[in-house]
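This is structure_27.cif. It holds mmCIF, C-alpha atoms and all ligand atoms.
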data_work
loop_
_atom_site.label_atom_id
_atom_site.label_comp_id
_atom_site.auth_asym_id
_atom_site.auth_seq_id
_atom_site.Cartn_x
_atom_site.Cartn_y
_atom_site.Cartn_z
CA MET A 1 4.76 -20.23 -15.83
CA VAL A 2 3.32 -21.40 -12.50
CA HIS A 3 5.21 -23.51 -9.92
CA ASN A 4 3.07 -26.55 -8.97
CA THR A 5 4.24 -26.09 -5.36
CA ASP A 6 2.93 -22.51 -5.32
CA PRO A 7 0.52 -22.10 -2.36
CA PHE A 8 -1.15 -19.18 -4.14
CA PRO A 9 -1.45 -20.24 -7.80
CA THR A 10 -2.51 -17.36 -10.06
CA ARG A 11 -1.91 -15.94 -13.56
CA LEU A 12 -3.29 -19.27 -14.79
CA LYS A 13 -4.45 -20.54 -18.18
CA LYS A 14 -7.73 -21.78 -16.67
CA LYS A 15 -10.04 -20.40 -13.96
CA ARG A 16 -9.66 -21.76 -10.42
CA ASP A 17 -12.03 -21.10 -7.52
CA PRO A 18 -11.08 -18.76 -4.70
CA PHE A 19 -10.06 -20.44 -1.45
CA VAL A 20 -10.06 -19.34 2.18
CA ARG A 21 -6.78 -17.84 3.38
CA THR A 22 -4.78 -19.75 6.00
CA ASP A 23 -2.49 -16.87 7.04
CA PRO A 24 -3.56 -14.92 10.14
CA VAL A 25 -4.74 -11.35 9.52
CA VAL A 26 -3.41 -10.04 12.85
CA HIS A 27 -0.07 -11.81 13.32
CA SER A 28 0.66 -10.78 16.91
CA ARG A 29 -2.26 -12.36 18.76
CA ASN A 30 -1.17 -13.29 22.33
CA GLN A 31 2.39 -12.06 21.78
CA HIS A 32 3.06 -9.30 24.34
CA ARG A 33 6.25 -8.30 22.55
CA TRP A 34 4.23 -6.77 19.72
CA GLU A 35 1.59 -4.96 21.77
CA GLY A 36 0.82 -1.58 20.23
CA PRO A 37 -1.64 1.32 20.12
CA LEU A 38 -4.54 -0.65 18.60
CA ASP A 39 -7.11 -1.91 21.08
CA GLU A 40 -9.16 -5.09 20.71
CA VAL A 41 -12.00 -3.27 18.95
CA ALA A 42 -9.63 -1.96 16.27
CA LEU A 43 -7.84 -5.31 15.90
CA SER A 44 -11.17 -7.13 15.49
CA ARG A 45 -12.35 -4.55 12.95
CA TYR A 46 -9.12 -4.93 10.94
CA GLU A 47 -9.47 -8.72 11.12
CA ARG A 48 -13.10 -8.51 9.92
CA ASP A 49 -12.79 -5.83 7.22
CA GLY A 50 -9.15 -5.95 6.08
CA PHE A 51 -8.60 -2.21 6.64
CA LEU A 52 -8.73 0.59 9.23
CA TRP A 53 -9.55 4.26 8.51
CA PHE A 54 -8.25 7.15 10.63
CA GLU A 55 -9.96 10.38 9.56
CA GLY A 56 -7.78 13.44 10.27
CA PHE A 57 -4.86 11.35 11.57
CA PHE A 58 -2.51 14.26 10.82
CA ASN A 59 -3.69 17.84 10.56
CA GLN A 60 -3.93 19.14 7.02
CA GLU A 61 -1.09 21.68 7.41
CA ARG A 62 1.26 18.75 8.04
CA MET A 63 0.74 17.66 4.40
CA THR A 64 1.96 20.93 2.85
CA PRO A 65 5.72 20.16 3.02
CA PHE A 66 5.12 16.95 1.06
CA PHE A 67 3.54 18.91 -1.76
CA ASP A 68 6.36 21.44 -1.77
CA GLU A 69 8.82 18.55 -2.05
CA LEU A 70 6.87 17.02 -4.95
CA LYS A 71 7.01 20.34 -6.83
CA GLU A 72 10.83 20.34 -6.37
CA MET A 73 11.03 16.75 -7.60
CA ALA A 74 9.10 17.63 -10.75
CA LYS A 75 12.02 19.96 -11.68
CA ASP A 76 14.50 17.06 -11.50
CA GLU A 77 14.69 16.05 -15.18
CA LYS A 78 16.81 12.94 -14.53
CA LEU A 79 14.25 11.66 -12.00
CA MET A 80 11.36 12.53 -14.32
CA GLU A 81 12.88 10.32 -17.01
CA SER A 82 13.49 7.34 -14.73
CA ASP A 83 11.40 4.17 -14.55
CA GLN A 84 10.28 5.25 -11.07
CA ILE A 85 7.95 7.77 -12.70
CA ILE A 86 4.79 6.26 -14.21
CA ASN A 87 2.74 8.45 -16.51
CA ASP A 88 -1.03 8.37 -16.88
CA PRO A 89 -1.92 6.18 -19.89
CA ASN A 90 -4.45 8.72 -21.16
CA THR A 91 -2.99 12.13 -20.36
CA GLY A 92 0.74 11.48 -19.96
CA GLU A 93 0.67 13.43 -16.67
CA ILE A 94 2.57 11.91 -13.71
CA ARG A 95 0.44 9.07 -12.27
CA SER A 96 2.85 7.55 -9.76
CA VAL A 97 6.29 8.21 -8.30
CA PHE A 98 7.79 5.03 -6.81
CA GLY A 99 10.52 4.83 -4.19
CA MET A 100 9.44 8.01 -2.37
CA HIS A 101 10.98 6.85 0.92
CA GLU A 102 14.36 6.71 -0.78
CA LEU A 103 13.96 10.00 -2.63
CA SER A 104 12.96 12.09 0.37
CA ASP A 105 13.93 12.26 4.05
CA HIS A 106 10.51 13.72 4.78
CA PHE A 107 8.78 10.67 3.41
CA GLN A 108 11.34 8.35 4.95
CA ARG A 109 10.74 9.82 8.42
CA LEU A 110 7.02 9.42 7.96
CA THR A 111 7.44 5.67 7.46
CA ARG A 112 9.00 5.59 10.94
CA ASP A 113 6.41 7.69 12.74
CA PRO A 114 5.93 5.74 15.99
CA ARG A 115 2.15 5.95 15.82
CA ILE A 116 2.06 4.28 12.39
CA LEU A 117 5.01 1.95 12.92
CA GLY A 118 3.58 0.88 16.31
CA MET A 119 0.30 -0.18 14.68
CA VAL A 120 2.05 -1.94 11.79
CA ARG A 121 4.38 -3.99 13.99
CA GLN A 122 1.33 -4.96 16.07
CA LEU A 123 -0.55 -6.12 12.94
CA LEU A 124 2.41 -7.99 11.42
CA GLY A 125 3.80 -9.31 14.71
CA SER A 126 7.42 -8.58 13.82
CA GLU A 127 10.00 -6.01 12.83
CA VAL A 128 9.13 -4.53 9.43
CA TYR A 129 10.77 -2.88 6.43
CA ILE A 130 9.46 -0.92 3.44
CA HIS A 131 8.61 -3.22 0.54
CA GLN A 132 7.44 -0.39 -1.73
CA SER A 133 6.43 3.26 -1.53
CA ARG A 134 4.69 5.45 -4.08
CA ILE A 135 2.64 8.53 -4.61
CA ASN A 136 -0.46 8.03 -6.74
CA ASP A 137 -1.65 11.25 -8.33
CA LYS A 138 -5.02 11.83 -10.00
CA PHE A 139 -5.20 15.26 -11.53
CA GLY A 140 -8.57 16.97 -11.80
CA PHE A 141 -10.86 15.74 -14.62
CA GLU A 142 -8.17 13.34 -15.81
CA GLY A 143 -6.67 10.91 -13.32
CA SER A 144 -7.46 7.37 -14.53
CA GLY A 145 -8.70 4.68 -12.16
CA PHE A 146 -7.32 1.24 -11.21
CA ASP A 147 -9.26 -1.99 -11.75
CA TRP A 148 -10.06 -4.38 -8.88
CA HIS A 149 -7.09 -6.32 -7.55
CA SER A 150 -5.29 -7.72 -4.50
CA ASP A 151 -1.82 -6.25 -4.06
CA PHE A 152 -0.67 -9.55 -2.54
CA GLU A 153 -1.67 -11.37 -5.75
CA THR A 154 0.81 -9.19 -7.64
CA TRP A 155 3.49 -9.12 -4.94
CA HIS A 156 3.35 -12.91 -4.60
CA SER A 157 3.23 -13.77 -8.31
CA GLU A 158 5.59 -11.06 -9.61
CA ASP A 159 7.82 -10.36 -6.59
CA GLY A 160 7.87 -13.73 -4.81
CA MET A 161 6.33 -12.44 -1.55
CA PRO A 162 5.80 -15.74 0.30
CA ARG A 163 2.83 -15.12 2.60
CA MET A 164 0.08 -12.60 3.41
CA ARG A 165 2.06 -10.64 6.02
CA ALA A 166 2.24 -7.08 4.69
CA VAL A 167 0.16 -3.95 5.16
CA SER A 168 -0.19 -0.76 3.11
CA ALA A 169 -0.43 2.63 4.77
CA SER A 170 -2.11 5.19 2.55
CA LEU A 171 -1.85 8.83 3.62
CA MET A 172 -4.25 11.27 1.94
CA LEU A 173 -2.20 14.25 0.78
CA THR A 174 -5.38 15.89 -0.57
CA ASP A 175 -9.02 15.63 0.53
CA ASN A 176 -10.48 12.32 -0.64
CA THR A 177 -14.12 12.90 -1.63
CA GLU A 178 -16.75 10.81 -3.44
CA PHE A 179 -15.96 12.87 -6.55
CA ASN A 180 -12.18 12.59 -7.06
CA GLY A 181 -11.68 8.82 -7.30
CA PRO A 182 -11.16 7.65 -3.70
CA LEU A 183 -9.84 4.16 -2.94
CA MET A 184 -12.69 1.60 -2.84
CA LEU A 185 -12.32 -1.64 -0.87
CA ILE A 186 -14.38 -4.79 -0.46
CA PRO A 187 -14.56 -5.51 3.29
CA GLY A 188 -13.80 -9.16 4.07
CA SER A 189 -12.30 -9.91 0.64
CA HIS A 190 -8.87 -10.40 2.26
CA HIS A 191 -10.15 -13.71 3.72
CA TYR A 192 -9.99 -15.34 0.27
CA PHE A 193 -7.18 -15.81 -2.20
CA VAL A 194 -8.64 -15.26 -5.68
CA PRO A 195 -6.58 -16.98 -8.43
CA CYS A 196 -6.61 -14.89 -11.62
CA VAL A 197 -6.51 -16.02 -15.26
CA GLY A 198 -3.95 -14.61 -17.68
CA GLU A 199 -0.27 -15.45 -17.85
CA THR A 200 2.28 -12.79 -16.86
CA PRO A 201 4.49 -11.56 -19.72
CA ASP A 202 8.04 -10.52 -18.90
CA LEU A 203 8.34 -6.84 -17.87
CA ASN A 204 4.60 -6.80 -17.17
CA TRP A 205 5.17 -3.97 -14.67
CA LYS A 206 5.90 -1.54 -17.51
CA ASP A 207 2.18 -1.75 -18.37
CA SER A 208 0.52 -2.92 -15.16
CA LEU A 209 1.45 0.25 -13.27
CA LYS A 210 -0.41 2.29 -15.87
CA ALA A 211 -3.47 0.01 -16.00
CA GLN A 212 -4.12 -3.21 -14.06
CA ARG A 213 -5.14 -5.77 -16.70
CA LEU A 214 -3.68 -8.98 -15.18
CA GLY A 215 -4.46 -10.01 -11.62
CA VAL A 216 -8.07 -8.78 -11.94
CA PRO A 217 -10.52 -11.31 -10.42
CA ASP A 218 -13.46 -12.60 -12.49
CA ARG A 219 -16.61 -10.50 -12.21
CA ASP A 220 -18.63 -13.34 -10.72
CA VAL A 221 -16.09 -13.63 -7.87
CA LEU A 222 -16.02 -9.84 -7.41
CA ALA A 223 -19.84 -9.83 -7.33
CA MET A 224 -19.93 -12.67 -4.76
CA LEU A 225 -17.43 -10.92 -2.45
CA ALA A 226 -19.09 -7.50 -2.85
CA ASP A 227 -22.52 -9.06 -2.16
CA ARG A 228 -21.07 -10.44 1.09
CA GLY A 229 -19.04 -7.44 2.25
CA GLY A 230 -20.31 -4.48 0.29
CA ILE A 231 -17.96 -1.77 -1.01
CA LYS A 232 -16.51 1.01 1.14
CA ALA A 233 -14.78 4.17 -0.07
CA PRO A 234 -13.56 6.01 3.05
CA LYS A 235 -13.50 9.78 2.54
CA GLY A 236 -11.89 12.53 4.57
CA PRO A 237 -9.60 15.54 4.67
CA ALA A 238 -5.93 15.59 3.72
CA GLY A 239 -3.98 14.01 6.57
CA SER A 240 -6.37 11.06 6.92
CA LEU A 241 -4.73 7.62 7.02
CA MET A 242 -5.81 4.19 5.78
CA LEU A 243 -4.16 0.91 6.74
CA PHE A 244 -5.19 -1.95 4.45
CA GLU A 245 -4.18 -5.59 4.47
CA CYS A 246 -2.07 -6.75 1.49
CA ASN A 247 -4.83 -9.08 0.24
CA THR A 248 -7.86 -6.76 0.51
CA LEU A 249 -9.44 -6.23 -2.92
CA HIS A 250 -9.42 -2.56 -3.91
CA ALA A 251 -9.94 -0.34 -6.93
CA SER A 252 -10.51 3.32 -7.72
CA ASN A 253 -12.53 5.31 -10.23
CA LYS A 254 -11.42 8.04 -12.60
CA ASN A 255 -11.21 11.51 -11.09
CA MET A 256 -14.23 13.34 -12.56
CA SER A 257 -13.88 16.38 -10.28
CA PRO A 258 -11.84 19.55 -10.87
CA TRP A 259 -9.84 18.76 -7.73
CA PRO A 260 -6.67 16.58 -7.57
CA ARG A 261 -6.47 13.38 -5.53
CA SER A 262 -3.00 12.57 -4.30
CA ASN A 263 -2.25 9.71 -1.93
CA LEU A 264 1.04 8.52 -0.49
CA PHE A 265 1.36 4.74 -0.07
CA PHE A 266 4.05 2.95 1.87
CA VAL A 267 3.96 -0.83 2.14
CA TYR A 268 5.33 -2.51 5.26
CA ASN A 269 6.43 -6.13 4.94
CA SER A 270 7.41 -8.41 7.82
CA VAL A 271 11.13 -9.13 8.02
CA ASP A 272 10.01 -12.79 8.19
CA ASN A 273 8.31 -12.50 4.78
CA LYS A 274 11.12 -11.31 2.52
CA LEU A 275 10.81 -11.67 -1.25
CA GLY A 276 11.98 -14.85 -2.94
CA LYS A 277 11.86 -15.95 -6.57
CA PRO A 278 8.83 -14.60 -8.47
CA PHE A 279 6.18 -17.29 -8.91
CA SER A 280 4.83 -16.21 -12.30
CA THR A 281 7.73 -14.59 -14.16
CA GLY A 282 11.35 -15.40 -14.79
CA THR A 283 12.66 -11.92 -13.98
CA GLU A 284 12.59 -9.98 -10.71
CA ARG A 285 10.96 -6.54 -10.79
CA PRO A 286 13.12 -3.47 -10.03
CA GLU A 287 14.13 -2.66 -6.44
CA PHE A 288 11.78 0.35 -6.31
CA LEU A 289 8.80 -1.99 -6.84
CA GLY A 290 9.86 -4.72 -4.44
CA ALA A 291 12.78 -4.19 -2.01
CA ARG A 292 15.35 -6.98 -1.92
CA GLU A 293 18.51 -5.11 -0.91
CA ASN A 294 17.25 -2.42 1.46
CA CYS A 295 15.30 -4.53 4.00
CA THR A 296 16.67 -2.97 7.21
CA PRO A 297 14.10 -3.23 10.03
CA LEU A 298 12.64 0.24 10.64
CA SER A 299 13.35 2.04 13.93
CA MET A 300 10.90 4.53 15.35
CA HIS A 301 12.09 8.09 14.86
CA ASP A 302 12.32 10.57 17.72
CA GLU A 303 9.60 13.05 17.08
CA PHE A 304 11.57 15.93 18.58
CA PRO A 305 15.28 15.05 18.04
CA GLU A 306 16.31 18.65 18.69
CA LEU A 307 14.75 18.43 22.17
CA ALA A 308 16.09 14.95 22.83
CA ASN A 309 19.62 16.23 21.98
CA GLN A 310 19.25 18.94 24.65
CA GLY A 311 18.38 16.28 27.22
CA VAL A 312 14.78 17.55 27.25
CA THR A 313 12.18 14.81 27.48
CA PRO A 314 10.10 15.25 24.34
CA PRO A 315 6.39 15.87 24.93
CA LYS A 316 4.05 12.95 24.32
CA TYR A 317 2.61 13.01 20.86
CA HIS A 318 0.05 15.72 20.40
CA GLY A 319 -2.05 15.34 17.28
CA TYR A 320 0.04 17.27 14.83
O1 LIG B 401 2.35 -3.78 -8.96
C1 LIG B 401 2.37 -3.15 -7.91
O2 LIG B 401 3.22 -3.34 -7.01
C2 LIG B 401 1.39 -2.00 -7.78
N1 LIG B 401 0.15 -2.23 -8.46
C3 LIG B 401 -1.03 -1.84 -7.95
C4 LIG B 401 -2.18 -1.68 -8.87
N2 LIG B 401 -1.23 -1.67 -6.64
C5 LIG B 401 -0.09 -2.03 -5.78
C6 LIG B 401 1.22 -1.63 -6.35
O3 LIG B 401 1.45 -0.30 -6.29
FE FE B 402 -3.09 -1.77 -5.40
#
Taking this structure as input, can you express it in the form of structure tokens?
Amino acid sequence: MVHNTDPFPTRLKKKRDPFVRTDPVVHSRNQHRWEGPLDEVALSRYERDGFLWFEGFFNQERMTPFFDELKEMAKDEKLMESDQIINDPNTGEIRSVFGMHELSDHFQRLTRDPRILGMVRQLLGSEVYIHQSRINDKFGFEGSGFDWHSDFETWHSEDGMPRMRAVSASLMLTDNTEFNGPLMLIPGSHHYFVPCVGETPDLNWKDSLKAQRLGVPDRDVLAMLADRGGIKAPKGPAGSLMLFECNTLHASNKNMSPWPRSNLFFVYNSVDNKLGKPFSTGTERPEFLGARENCTPLSMHDEFPELANQGVTPPKYHGY
């Protein structure tokens, strides 16, 4: 089912050509209110490529508590049985845990780290909230890949996200190497909306989170965009951070190495871009896939609340 007034028609019966996006990539141009830590070079690079890579954004030790928390979560049988846990289609191991920012204060605080939130507000030109958060795990030798897709194509067609005004932050909880299935992106692909063929069945998410079959662009379009922009797979130590625009085409390979690949994703959506009716299905997806109730604008957290409470001016951020 496709609305004929849909500005981003997809999940069609017949192929339609890609078209150039009309939404800005950086939404805060010439608005002083949303100035942030990104300089013009970074803003232009994000505009050109559709992503920014920050190797070693946090030091690796900072990632340990997240792993400890995940091990605790794995003991929570009720959580392990919930729909928020997606298992690998081949091995049955945990592939994704959705709603991390609501399961863990640690993760929730991270979404409000001023250095990340400052960049995101600058890119989206508004207050923001968390549309979706997840951990994607790829165990050694097993973790399956994801086919090429635009997250916006799914979030628009299945969640009713109106415009391209969201950004994903992906934090590497483990080293991301060329061997363990790092995220691959096609620079510049975010400048085109690529309609996809294949109608969306109800409850598609029960399968699509295991393997992306719908919302995968035709190979000739993928080839055209990759010929233009190439393919990049940023690699780096645990603690590295990627920001990628909601419409940037991305995929990842199977993990063929003995080492795990675990990434935390949290998706920021503009408060001016809240979800409406899905464009390609009759039913809304669950809250943990697309927030509709909990859309409170995020406030930056004090990095050192214990100091602030003692009236001590917290130190400026040192790279921790
Ligand atoms: O359907 C979704 O929301 C998820 N699917 C993929 C393959 N990436 C974005 C998101 O986690
Ligand atoms: Fe994705």
| field | Given all atoms listed in the file as the counted atoms, nearest of A:Arg163, A:His301, A:His149, A:Lys254 to Arg115 of chain A | value |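 Between A:Arg163, A:His301, A:His149, A:Lys254, the residue approaching Arg115 of chain A most closely is A:His301.
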| note | With distances taken over only C-alpha atoms, the candidate from A:Asn30, A:Ser240, A:Ser144, A:Thr174 nearest Thr64 of chain A is A:Thr174
| request: Rank nothing, just name the residue among A:Pro258, A:Gly160, A:Pro24, A:Pro195 nearest to ligand LIG 401 (chain B), using all atoms listed in the file. | output: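 Using all atoms listed in the file, ligand LIG 401 (chain B) sits closest to A:Gly160.
Counting all atoms listed in the file, Val128 of chain A has the following residues at most 10 Å away, ignoring those fewer than 2 positions along the same chain: Leu117, Val120, Arg121, Leu124, Gly125, Ser126, Ile130, His131, Arg165, Ala166, Val167, Val267, Tyr268, Asn269, Ser270, Val271, Asp272, Asn273, Lys274, Cys295, Thr296, Pro297, Leu298 and Ser299 of chain A.
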| d(atom N2 of ligand LIG 401 (chain B), atom CA of Trp205 of chain A) in Å |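 Computing the Euclidean distance for atom N2 of ligand LIG 401 (chain B) and atom CA of Trp205 of chain A yields 10.5 Å.
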Box for segment 149-167 of chain A - axis-aligned, 4 Å on each of the six sides, all listed atoms - centre and size in Å to one decimal, as AutoDock Vina command-line options.
--center_x 0.4 --center_y -9.8 --center_z -1.8 --size_x 23.0 --size_y 19.8 --size_z 23.6
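Nearest to Phe19 of chain A of all the residues A:Val221, A:Leu171, A:Met80, A:Met300 is A:Val221, based on only C-alpha atoms.
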| request: Using all atoms listed in the file, pick whichever of A:Gly145, A:Gly282, A:Pro260, A:Gly276 has the shortest atom-to-atom distance to ligand LIG 401 (chain B). | output: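 Comparing A:Gly145, A:Gly282, A:Pro260, A:Gly276 against ligand LIG 401 (chain B), the winner is A:Gly145.
Take the candidates A:Thr22, A:Gln60, A:Ser280, A:Thr91 and check each one against His156 of chain A using only C-alpha atoms; the shortest distance goes to A:Ser280.
Using only C-alpha atoms and all ligand atoms as the basis for the distance check, residues found within 10 Å of ligand FE 402 (chain B) are Phe146, Asp147, Trp148, His149, Ser150, Asp151, Phe152, Glu153, Thr154, Trp155, Ser168, Leu183, Leu209, Gln212, Cys246, Asn247, Thr248, Leu249, His250, Ala251, Ser252 and Phe265 of chain A.
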| query | Got a sec to check which residues sit within 9 Å of (-3.3, -20.6, -1.3), counting only C-alpha atoms, and write them as JSON, numbers by chain? | reply | {"A": [6, 7, 8, 9, 18, 19, 20, 21, 22, 192, 193, 194, 195]}
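Coordinates place atom N1 of ligand LIG 401 (chain B) at a distance of 21.5 Å from atom CA of Lys15 of chain A.
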